[in-house]
file work.tsv (TSV, C-alpha atoms and all ligand atoms)
chain	number	residue	atom	x	y	z
W	235	MET	CA	38.12	-25.28	-98.47
W	236	SER	CA	41.11	-25.42	-100.77
W	237	PHE	CA	42.73	-28.53	-102.22
W	238	ASP	CA	46.27	-28.36	-103.54
W	239	PHE	CA	45.45	-30.58	-106.54
W	240	VAL	CA	42.41	-28.49	-107.57
W	241	LYS	CA	42.92	-25.68	-110.05
W	242	LYS	CA	40.57	-22.72	-110.34
W	243	LEU	CA	40.10	-21.94	-114.04
W	244	ASP	CA	39.69	-18.42	-115.40
W	245	PHE	CA	36.36	-19.08	-117.10
W	246	GLU	CA	34.15	-15.98	-116.88
W	247	SER	CA	30.63	-16.56	-115.57
W	248	GLU	CA	28.45	-14.45	-113.32
W	249	PHE	CA	26.93	-17.69	-112.03
W	250	PHE	CA	29.77	-19.99	-111.04
W	251	ASP	CA	33.47	-20.52	-110.44
W	252	LEU	CA	34.93	-23.34	-112.50
W	253	TYR	CA	37.47	-25.79	-111.04
W	254	LYS	CA	39.52	-28.53	-112.62
W	255	LEU	CA	39.36	-31.33	-110.07
W	256	SER	CA	41.31	-34.08	-111.79
W	257	GLU	CA	42.45	-35.23	-115.23
W	258	SER	CA	38.84	-35.52	-116.43
W	259	ALA	CA	36.51	-33.78	-113.95
W	260	TYR	CA	35.40	-30.15	-113.67
W	261	GLY	CA	33.20	-28.64	-110.95
W	262	ALA	CA	31.00	-25.54	-111.39
W	263	ILE	CA	30.38	-24.08	-107.95
W	264	GLY	CA	27.55	-21.54	-107.78
W	265	LYS	CA	28.47	-18.00	-106.71
W	266	GLU	CA	26.57	-16.63	-103.75
W	267	ASN	CA	23.23	-15.03	-104.67
W	268	SER	CA	23.82	-15.69	-108.37
W	269	GLY	CA	20.58	-17.63	-108.76
W	270	MET	CA	22.38	-20.62	-110.24
W	271	GLY	CA	20.66	-23.03	-107.84
W	272	GLY	CA	22.45	-26.36	-107.65
W	273	ASN	CA	26.14	-26.79	-108.45
W	274	ALA	CA	27.01	-28.64	-111.64
W	275	GLY	CA	30.00	-30.00	-113.50
W	276	PHE	CA	31.27	-32.04	-116.40
W	277	ILE	CA	33.56	-34.98	-117.07
W	278	ASP	CA	35.68	-35.59	-120.16
W	279	ILE	CA	36.54	-39.26	-120.59
W	280	GLU	CA	38.12	-39.06	-124.03
W	281	ASP	CA	35.28	-40.61	-126.02
W	282	TYR	CA	32.51	-38.92	-124.08
W	283	LEU	CA	31.60	-35.62	-122.49
W	284	ILE	CA	29.24	-35.99	-119.55
W	285	ILE	CA	27.45	-33.02	-117.97
W	286	ILE	CA	26.21	-33.28	-114.41
W	287	ASP	CA	23.01	-31.36	-113.67
W	288	THR	CA	21.74	-28.25	-115.44
W	289	THR	CA	21.09	-25.71	-112.63
W	290	ALA	CA	18.06	-23.51	-111.83
W	291	ASN	CA	18.85	-20.97	-114.47
W	292	VAL	CA	18.93	-21.37	-118.24
W	293	ASP	CA	21.62	-18.67	-118.56
W	294	ALA	CA	23.81	-20.48	-116.03
W	295	ALA	CA	23.29	-23.70	-117.98
W	296	LYS	CA	24.33	-21.87	-121.16
W	297	ASP	CA	27.60	-20.90	-119.44
W	298	LEU	CA	28.04	-24.49	-118.26
W	299	LYS	CA	27.56	-25.84	-121.78
W	300	LYS	CA	29.95	-23.23	-123.16
W	301	ALA	CA	32.62	-24.10	-120.57
W	302	ALA	CA	32.24	-27.84	-121.19
W	303	ILE	CA	32.71	-27.42	-124.94
W	304	GLN	CA	35.55	-24.91	-124.53
W	305	TYR	CA	37.61	-27.05	-122.14
W	306	THR	CA	37.04	-30.41	-123.81
W	307	GLN	CA	36.57	-29.53	-127.50
W	308	LYS	CA	33.66	-31.98	-127.54
W	309	GLU	CA	29.90	-31.85	-127.78
W	310	PRO	CA	28.07	-33.23	-124.74
W	311	ASN	CA	27.09	-36.89	-125.11
W	312	PHE	CA	25.34	-37.36	-121.78
W	313	ILE	CA	23.69	-35.33	-119.04
W	314	VAL	CA	23.28	-36.98	-115.66
W	315	ILE	CA	20.44	-35.60	-113.54
W	316	THR	CA	21.11	-36.21	-109.84
W	317	HIS	CA	17.50	-35.79	-108.63
W	318	TYR	CA	14.20	-34.25	-109.60
W	319	HIS	CA	14.44	-30.84	-107.90
W	320	MET	CA	14.01	-27.97	-110.35
W	321	ASP	CA	17.15	-26.14	-109.19
W	322	HIS	CA	19.15	-28.89	-110.95
W	323	LEU	CA	16.99	-29.35	-114.02
W	324	MET	CA	16.19	-26.08	-115.73
W	325	GLY	CA	18.77	-26.23	-118.51
W	326	THR	CA	17.95	-29.65	-120.01
W	327	SER	CA	16.12	-28.15	-122.99
W	328	LEU	CA	19.33	-26.38	-124.13
W	329	PHE	CA	20.63	-29.75	-125.30
W	330	ASP	CA	19.20	-31.46	-128.36
W	331	LYS	CA	18.48	-35.14	-128.84
W	332	SER	CA	22.12	-35.93	-129.59
W	333	THR	CA	22.69	-35.56	-125.84
W	334	GLN	CA	21.25	-38.46	-123.85
W	335	ILE	CA	19.79	-37.54	-120.46
W	336	MET	CA	20.34	-40.16	-117.80
W	337	THR	CA	19.03	-40.66	-114.29
W	338	SER	CA	17.61	-43.31	-111.96
W	339	ASP	CA	14.18	-44.71	-112.76
W	340	ARG	CA	12.77	-43.29	-109.53
W	341	THR	CA	14.05	-39.81	-110.36
W	342	LEU	CA	12.42	-39.97	-113.79
W	343	LYS	CA	9.17	-40.98	-112.12
W	344	ASN	CA	9.50	-38.07	-109.68
W	345	ILE	CA	10.11	-35.63	-112.54
W	346	GLN	CA	7.00	-36.89	-114.28
W	347	THR	CA	4.83	-36.64	-111.17
W	348	ASP	CA	6.10	-34.23	-108.48
W	349	GLY	CA	8.24	-32.23	-110.90
W	350	LYS	CA	5.37	-31.60	-113.29
W	351	LYS	CA	3.04	-30.78	-110.42
W	352	ARG	CA	5.51	-28.21	-109.17
W	353	ILE	CA	5.80	-26.61	-112.61
W	354	GLU	CA	2.00	-26.25	-112.69
W	355	GLU	CA	2.07	-24.70	-109.21
W	356	TYR	CA	4.79	-22.26	-110.28
W	357	LYS	CA	2.73	-21.33	-113.33
W	358	ASN	CA	-0.36	-20.61	-111.25
W	359	MET	CA	1.37	-18.76	-108.40
W	360	ASP	CA	0.38	-15.18	-107.72
W	361	LEU	CA	3.65	-13.24	-107.81
W	362	THR	CA	2.30	-9.92	-106.54
W	363	GLU	CA	3.07	-10.73	-102.90
W	364	MET	CA	6.70	-11.52	-103.79
W	365	GLU	CA	6.95	-8.38	-105.88
W	366	ASP	CA	5.62	-6.30	-102.96
W	367	THR	CA	8.07	-7.91	-100.52
W	368	LEU	CA	10.86	-7.10	-102.95
W	369	LYS	CA	9.85	-3.43	-103.06
W	370	ASN	CA	9.98	-3.17	-99.27
W	371	GLU	CA	13.07	-5.28	-98.65
W	372	THR	CA	16.11	-3.28	-97.56
W	373	ASP	CA	18.62	-6.08	-96.99
W	374	GLU	CA	20.64	-6.43	-100.22
W	375	ALA	CA	21.24	-10.19	-99.95
W	376	LYS	CA	17.57	-10.92	-99.26
W	377	LYS	CA	16.61	-8.65	-102.12
W	378	LYS	CA	18.86	-10.58	-104.47
W	379	ASP	CA	17.31	-13.86	-103.27
W	380	ILE	CA	13.79	-12.65	-104.05
W	381	GLU	CA	14.92	-11.30	-107.42
W	382	ASN	CA	16.44	-14.70	-108.27
W	383	ASP	CA	13.28	-16.52	-107.17
W	384	LEU	CA	11.18	-14.21	-109.33
W	385	LYS	CA	13.50	-14.68	-112.27
W	386	PHE	CA	13.26	-18.45	-111.87
W	387	LEU	CA	9.46	-18.36	-111.65
W	388	LYS	CA	9.17	-16.10	-114.66
W	389	ALA	CA	11.46	-18.40	-116.67
W	390	VAL	CA	9.29	-21.41	-115.80
W	391	ARG	CA	6.16	-19.47	-116.74
W	392	SER	CA	7.46	-18.19	-120.07
W	393	ASP	CA	5.99	-19.73	-123.23
W	394	ASP	CA	9.31	-20.93	-124.53
W	395	PHE	CA	10.18	-22.91	-121.39
W	396	SER	CA	10.12	-26.66	-121.74
W	397	LEU	CA	11.73	-29.42	-119.80
W	398	ARG	CA	13.50	-32.25	-121.58
W	399	GLU	CA	12.96	-35.41	-119.59
W	400	PRO	CA	15.65	-38.05	-119.11
W	401	ASN	CA	15.51	-40.75	-121.81
W	402	LEU	CA	17.87	-43.32	-120.26
W	403	THR	CA	17.30	-44.68	-116.78
W	404	PHE	CA	18.75	-47.33	-114.49
W	405	LYS	CA	17.48	-49.16	-111.44
W	406	GLU	CA	20.58	-49.33	-109.23
W	407	GLY	CA	23.53	-48.08	-111.19
W	408	CYS	CA	25.34	-47.82	-114.47
W	409	VAL	CA	28.93	-47.35	-115.69
W	410	ILE	CA	30.15	-45.22	-118.59
W	411	TYR	CA	33.57	-46.52	-119.68
W	412	GLY	CA	36.28	-44.22	-120.97
W	413	LYS	CA	39.74	-45.32	-122.12
W	414	GLY	CA	41.45	-44.89	-118.75
W	415	GLU	CA	38.72	-44.15	-116.28
W	416	SER	CA	35.13	-45.12	-115.69
W	417	VAL	CA	32.25	-43.01	-114.49
W	418	GLN	CA	29.95	-44.79	-112.08
W	419	LEU	CA	26.37	-43.69	-111.53
W	420	ARG	CA	24.71	-45.06	-108.43
W	421	THR	CA	21.42	-44.64	-106.68
W	422	PHE	CA	20.35	-45.44	-103.15
W	423	LYS	CA	17.32	-45.79	-100.96
W	424	LYS	CA	15.29	-42.66	-100.26
W	425	ALA	CA	17.51	-39.96	-98.71
W	426	HIS	CA	17.44	-36.33	-99.96
W	427	THR	CA	14.83	-37.56	-102.45
W	428	ASP	CA	13.70	-40.94	-103.68
W	429	GLY	CA	16.16	-41.82	-106.44
W	430	ASP	CA	19.19	-39.59	-105.70
W	431	VAL	CA	22.11	-40.26	-108.04
W	432	ILE	CA	25.83	-39.85	-107.36
W	433	VAL	CA	28.51	-39.68	-110.05
W	434	TYR	CA	31.79	-41.25	-109.00
W	435	ILE	CA	35.14	-41.58	-110.76
W	436	PRO	CA	37.04	-44.16	-108.69
W	437	GLU	CA	40.32	-43.87	-110.64
W	438	GLU	CA	40.47	-40.14	-109.89
W	439	LYS	CA	38.80	-40.20	-106.46
W	440	VAL	CA	36.26	-37.56	-107.47
W	441	LEU	CA	32.61	-37.57	-106.40
W	442	PHE	CA	29.64	-35.52	-107.56
W	443	ALA	CA	27.15	-35.91	-104.73
W	444	GLY	CA	24.11	-34.01	-105.98
W	445	ASP	CA	22.04	-32.84	-103.01
W	446	LEU	CA	23.11	-35.78	-100.88
W	447	LEU	CA	25.62	-33.21	-99.72
W	448	PHE	CA	24.91	-29.62	-98.73
W	449	ALA	CA	28.41	-28.56	-97.73
W	450	ARG	CA	28.40	-26.47	-94.53
W	451	GLU	CA	24.71	-25.65	-95.02
W	452	ASP	CA	21.40	-26.95	-93.70
W	453	PRO	CA	20.49	-29.88	-95.96
W	454	TRP	CA	16.88	-29.74	-97.19
W	455	LEU	CA	15.17	-32.69	-95.53
W	456	GLY	CA	11.59	-32.14	-96.68
W	457	SER	CA	11.53	-34.23	-99.87
W	458	GLY	CA	13.14	-37.33	-98.48
W	459	ASP	CA	13.77	-39.60	-95.55
W	460	PRO	CA	16.15	-38.19	-92.91
W	461	GLU	CA	16.91	-41.59	-91.33
W	462	GLY	CA	17.55	-43.10	-94.76
W	463	TRP	CA	19.83	-40.19	-95.60
W	464	ILE	CA	22.07	-40.92	-92.59
W	465	SER	CA	22.62	-44.51	-93.72
W	466	VAL	CA	23.17	-43.49	-97.35
W	467	ASN	CA	25.84	-41.02	-96.20
W	468	ASP	CA	27.46	-43.83	-94.19
W	469	GLU	CA	27.55	-45.94	-97.35
W	470	ILE	CA	28.99	-43.08	-99.44
W	471	MET	CA	31.75	-42.56	-96.87
W	472	THR	CA	33.01	-46.10	-97.56
W	473	LEU	CA	33.95	-44.98	-101.10
W	474	ASP	CA	37.46	-43.73	-101.76
W	475	PHE	CA	37.35	-40.07	-102.82
W	476	LYS	CA	39.31	-36.93	-102.01
W	477	VAL	CA	37.08	-34.17	-103.38
W	478	VAL	CA	33.32	-33.77	-103.63
W	479	VAL	CA	31.20	-31.42	-105.69
W	480	PRO	CA	28.21	-30.99	-103.37
W	481	GLY	CA	24.75	-30.08	-104.65
W	482	HIS	CA	25.05	-26.82	-102.71
W	483	GLY	CA	28.02	-25.14	-101.07
W	484	GLU	CA	31.75	-25.14	-101.72
W	485	LEU	CA	33.97	-28.04	-102.80
W	486	ALA	CA	34.23	-30.45	-99.91
W	487	SER	CA	36.00	-33.49	-98.52
W	488	LYS	CA	34.64	-36.66	-96.95
W	489	GLU	CA	34.35	-35.08	-93.49
W	490	GLN	CA	31.42	-32.98	-94.68
W	491	PHE	CA	29.28	-36.11	-94.93
W	492	SER	CA	29.95	-36.82	-91.23
W	493	LEU	CA	29.09	-33.26	-90.34
W	494	GLU	CA	25.88	-33.48	-92.36
W	495	ASN	CA	24.98	-36.70	-90.56
W	496	LYS	CA	25.64	-34.97	-87.26
W	497	TYR	CA	23.20	-32.23	-88.27
W	498	ILE	CA	20.50	-34.70	-89.34
W	499	LYS	CA	20.87	-36.77	-86.15
W	500	GLU	CA	20.83	-33.68	-83.97
W	501	ILE	CA	17.82	-32.04	-85.56
W	502	LEU	CA	15.85	-35.32	-85.39
W	503	ASP	CA	16.77	-35.70	-81.76
W	504	LEU	CA	15.98	-32.09	-80.83
W	505	VAL	CA	12.59	-32.17	-82.58
W	506	LYS	CA	11.65	-35.56	-81.07
W	507	LYS	CA	12.51	-34.31	-77.57
W	508	ARG	CA	10.37	-31.20	-78.00
W	509	ILE	CA	7.43	-33.24	-79.30
W	510	ASP	CA	7.75	-35.71	-76.39
W	511	ALA	CA	7.80	-32.81	-73.92
W	512	GLY	CA	4.63	-31.41	-75.49
W	513	GLU	CA	6.50	-28.35	-76.75
W	514	ASP	CA	6.49	-26.70	-80.17
W	515	PRO	CA	9.56	-27.99	-82.09
W	516	THR	CA	9.37	-25.20	-84.67
W	517	GLN	CA	10.60	-22.81	-81.96
W	518	LEU	CA	14.05	-24.44	-81.92
W	519	LYS	CA	16.89	-22.04	-82.69
W	520	ARG	CA	20.33	-22.34	-84.24
W	521	GLU	CA	21.81	-21.90	-80.74
W	522	ASP	CA	20.21	-25.20	-79.68
W	523	PHE	CA	22.62	-27.05	-81.99
W	524	SER	CA	26.19	-28.03	-81.11
W	525	ASP	CA	29.09	-25.66	-81.82
W	526	GLU	CA	30.21	-27.33	-85.04
W	527	LEU	CA	26.81	-26.63	-86.61
W	528	GLN	CA	26.53	-22.97	-85.60
W	529	SER	CA	28.00	-21.74	-88.88
W	530	PHE	CA	25.26	-23.41	-90.96
W	531	ASP	CA	23.29	-20.35	-91.89
W	532	SER	CA	20.18	-20.61	-94.04
W	533	GLN	CA	16.43	-20.27	-93.96
W	534	LEU	CA	16.28	-24.03	-94.47
W	535	LEU	CA	16.54	-24.54	-90.73
W	536	GLU	CA	13.06	-23.09	-90.34
W	537	TRP	CA	11.75	-25.17	-93.26
W	538	ASN	CA	13.33	-28.34	-91.87
W	539	LEU	CA	11.78	-27.72	-88.44
W	540	ASN	CA	8.34	-27.23	-89.97
W	541	PHE	CA	8.76	-30.37	-92.06
W	542	LEU	CA	10.02	-32.51	-89.16
W	543	ALA	CA	7.32	-31.30	-86.79
W	544	GLU	CA	4.76	-32.88	-89.14
W	545	PHE	CA	6.89	-35.82	-90.28
W	546	LEU	CA	7.70	-37.01	-86.76
W	547	LYS	CA	4.20	-36.47	-85.48
W	548	LYS	CA	3.00	-38.92	-88.12
W	549	SER	CA	5.61	-41.59	-87.51
G	601	ZN	ZN	17.53	-31.01	-104.06
call {"tool": "encode", "arguments": {"input": "work.tsv", "output": "structure tokens"}}
result
Amino acid sequence: MSFDFVKKLDFESEFFDLYKLSESAYGAIGKENSGMGGNAGFIDIEDYLIIIDTTANVDAAKDLKKAAIQYTQKEPNFIVITHYHMDHLMGTSLFDKSTQIMTSDRTLKNIQTDGKKRIEEYKNMDLTEMEDTLKNETDEAKKKDIENDLKFLKAVRSDDFSLREPNLTFKEGCVIYGKGESVQLRTFKKAHTDGDVIVYIPEEKVLFAGDLLFAREDPWLGSGDPEGWISVNDEIMTLDFKVVVPGHGELASKEQFSLENKYIKEILDLVKKRIDAGEDPTQLKREDFSDELQSFDSQLLEWNLNFLAEFLKKS
């Protein structure tokens, strides 16, 4: 989607395209198959430079830091982490203690529990199966995906990898005041994860949604609460904004939250119906969804079906 007020900048990175979204906000949108993981961005409010998320890839985070310094002539004062998933967190250790890392208290807790558990799992994983699959894979895009996953896992396993944890947290929200504009951080009930954070600049109508928005893609439901997510999206849609940096996918507008809600409602409904009929819900196909959702194209559909089959059986 293109927005007439958004300017694509000519910053060179193999990982992302950089956009100037408003007077103070910049969005870094991951290039396809680049291995960047989650989108990121930064905000320059005169006195402070705020980075939003640090991607799945330390090299991508290096580019992000470089771009932020180049376009603002400042050193980063804050990093906001939108949630605990590793594809948004890998670059935190690139920033020294002069950069404060902020998030919600529930996200910090999740980093310290689930996040750390995942890192241990990644460290103990046997990679030979993935390496074999890579050797036999002929599809170029799939090959690139496996290569990126391997690169990510190897980075986590390397001796010099460390994660810097957030050192400033809030329960419900927090505001960073600039001279003209303010940056609002807010958290909600459990949705994509427990403790998701959005970054909102009301004066400029810009929103960084973290993974509360997967634009035109299957949203990953398996770490959160799908019903809660629908109501959080309804709440977000009451805010006044004209452009969103989603956690994954291209720059978006408010309508994408409605479309995401449509997806979540539909998949819940389809899975429930299959379970009630005594059928296997994991056999659902993309074609079972309505037309508007046909273009969502990712392996997450299969993951979501597997997750919901268990989740809804329990509830
Ligand atoms: Zn996520």
call {"tool": "closest_residue", "arguments": {"input": "work.tsv", "among": "W:Asp278, W:Asp393, W:Asp339, W:Asp428", "to": "Lys357 of chain W", "atoms": "only C-alpha atoms"}}
result
W:Asp393
call {"tool": "closest_residue", "arguments": {"input": "work.tsv", "among": "W:Thr372, W:Tyr318, W:Asp287, W:Phe276", "to": "Ile303 of chain W", "atoms": "all atoms listed in the file"}}
result
W:Phe276
call {"tool": "residues_around", "arguments": {"input": "work.tsv", "residues": "Gly462 of chain W", "least_positions_apart": "3", "cutoff": "7 Å", "atoms": "only C-alpha atoms", "output": "list in words"}}
result
Lys423, Lys424, Ala425, Asp459, Ser465 and Val466 of chain W
call {"tool": "write_last_selection", "arguments": {"input": "work.tsv", "atoms": "C-alpha atoms", "output": "mmCIF file, keeping the file's coordinate frame"}}
result
data_model
loop_
_atom_site.group_PDB
_atom_site.id
_atom_site.type_symbol
_atom_site.label_atom_id
_atom_site.label_comp_id
_atom_site.auth_asym_id
_atom_site.auth_seq_id
_atom_site.Cartn_x
_atom_site.Cartn_y
_atom_site.Cartn_z
ATOM 1 C CA LYS W 423 17.320 -45.790 -100.960
ATOM 2 C CA LYS W 424 15.290 -42.660 -100.260
ATOM 3 C CA ALA W 425 17.510 -39.960 -98.710
ATOM 4 C CA ASP W 459 13.770 -39.600 -95.550
ATOM 5 C CA SER W 465 22.620 -44.510 -93.720
ATOM 6 C CA VAL W 466 23.170 -43.490 -97.350
#
call {"tool": "closest_residue", "arguments": {"input": "work.tsv", "among": "W:Glu406, W:Asp281, W:Glu355, W:Asp452", "to": "ligand ZN 601 (chain G)", "atoms": "all atoms listed in the file"}}
result
W:Asp452
call {"tool": "residues_near_ligand", "arguments": {"input": "work.tsv", "ligand": "ligand ZN 601 (chain G)", "cutoff": "12 Å", "atoms": "only C-alpha atoms and all ligand atoms", "output": "PyMOL selection string"}}
result
chain W and resi 271-273+287+289-290+315-323+341+349+425-431+443-448+452-458+480-482+534
call {"tool": "write_last_selection", "arguments": {"input": "work.tsv", "atoms": "C-alpha atoms", "output": "CSV table (one decimal), in the frame of the given file"}}
result
chain,number,residue,atom,x,y,z
W,271,GLY,CA,20.7,-23.0,-107.8
W,272,GLY,CA,22.4,-26.4,-107.6
W,273,ASN,CA,26.1,-26.8,-108.4
W,287,ASP,CA,23.0,-31.4,-113.7
W,289,THR,CA,21.1,-25.7,-112.6
W,290,ALA,CA,18.1,-23.5,-111.8
W,315,ILE,CA,20.4,-35.6,-113.5
W,316,THR,CA,21.1,-36.2,-109.8
W,317,HIS,CA,17.5,-35.8,-108.6
W,318,TYR,CA,14.2,-34.2,-109.6
W,319,HIS,CA,14.4,-30.8,-107.9
W,320,MET,CA,14.0,-28.0,-110.4
W,321,ASP,CA,17.2,-26.1,-109.2
W,322,HIS,CA,19.2,-28.9,-111.0
W,323,LEU,CA,17.0,-29.4,-114.0
W,341,THR,CA,14.0,-39.8,-110.4
W,349,GLY,CA,8.2,-32.2,-110.9
W,425,ALA,CA,17.5,-40.0,-98.7
W,426,HIS,CA,17.4,-36.3,-100.0
W,427,THR,CA,14.8,-37.6,-102.4
W,428,ASP,CA,13.7,-40.9,-103.7
W,429,GLY,CA,16.2,-41.8,-106.4
W,430,ASP,CA,19.2,-39.6,-105.7
W,431,VAL,CA,22.1,-40.3,-108.0
W,443,ALA,CA,27.2,-35.9,-104.7
W,444,GLY,CA,24.1,-34.0,-106.0
W,445,ASP,CA,22.0,-32.8,-103.0
W,446,LEU,CA,23.1,-35.8,-100.9
W,447,LEU,CA,25.6,-33.2,-99.7
W,448,PHE,CA,24.9,-29.6,-98.7
W,452,ASP,CA,21.4,-27.0,-93.7
W,453,PRO,CA,20.5,-29.9,-96.0
W,454,TRP,CA,16.9,-29.7,-97.2
W,455,LEU,CA,15.2,-32.7,-95.5
W,456,GLY,CA,11.6,-32.1,-96.7
W,457,SER,CA,11.5,-34.2,-99.9
W,458,GLY,CA,13.1,-37.3,-98.5
W,480,PRO,CA,28.2,-31.0,-103.4
W,481,GLY,CA,24.8,-30.1,-104.6
W,482,HIS,CA,25.0,-26.8,-102.7
W,534,LEU,CA,16.3,-24.0,-94.5
call {"tool": "atom_distance", "arguments": {"input": "work.tsv", "atom1": "atom CA of Asn291 of chain W", "atom2": "atom CA of Leu384 of chain W"}}
result
11.4 Å
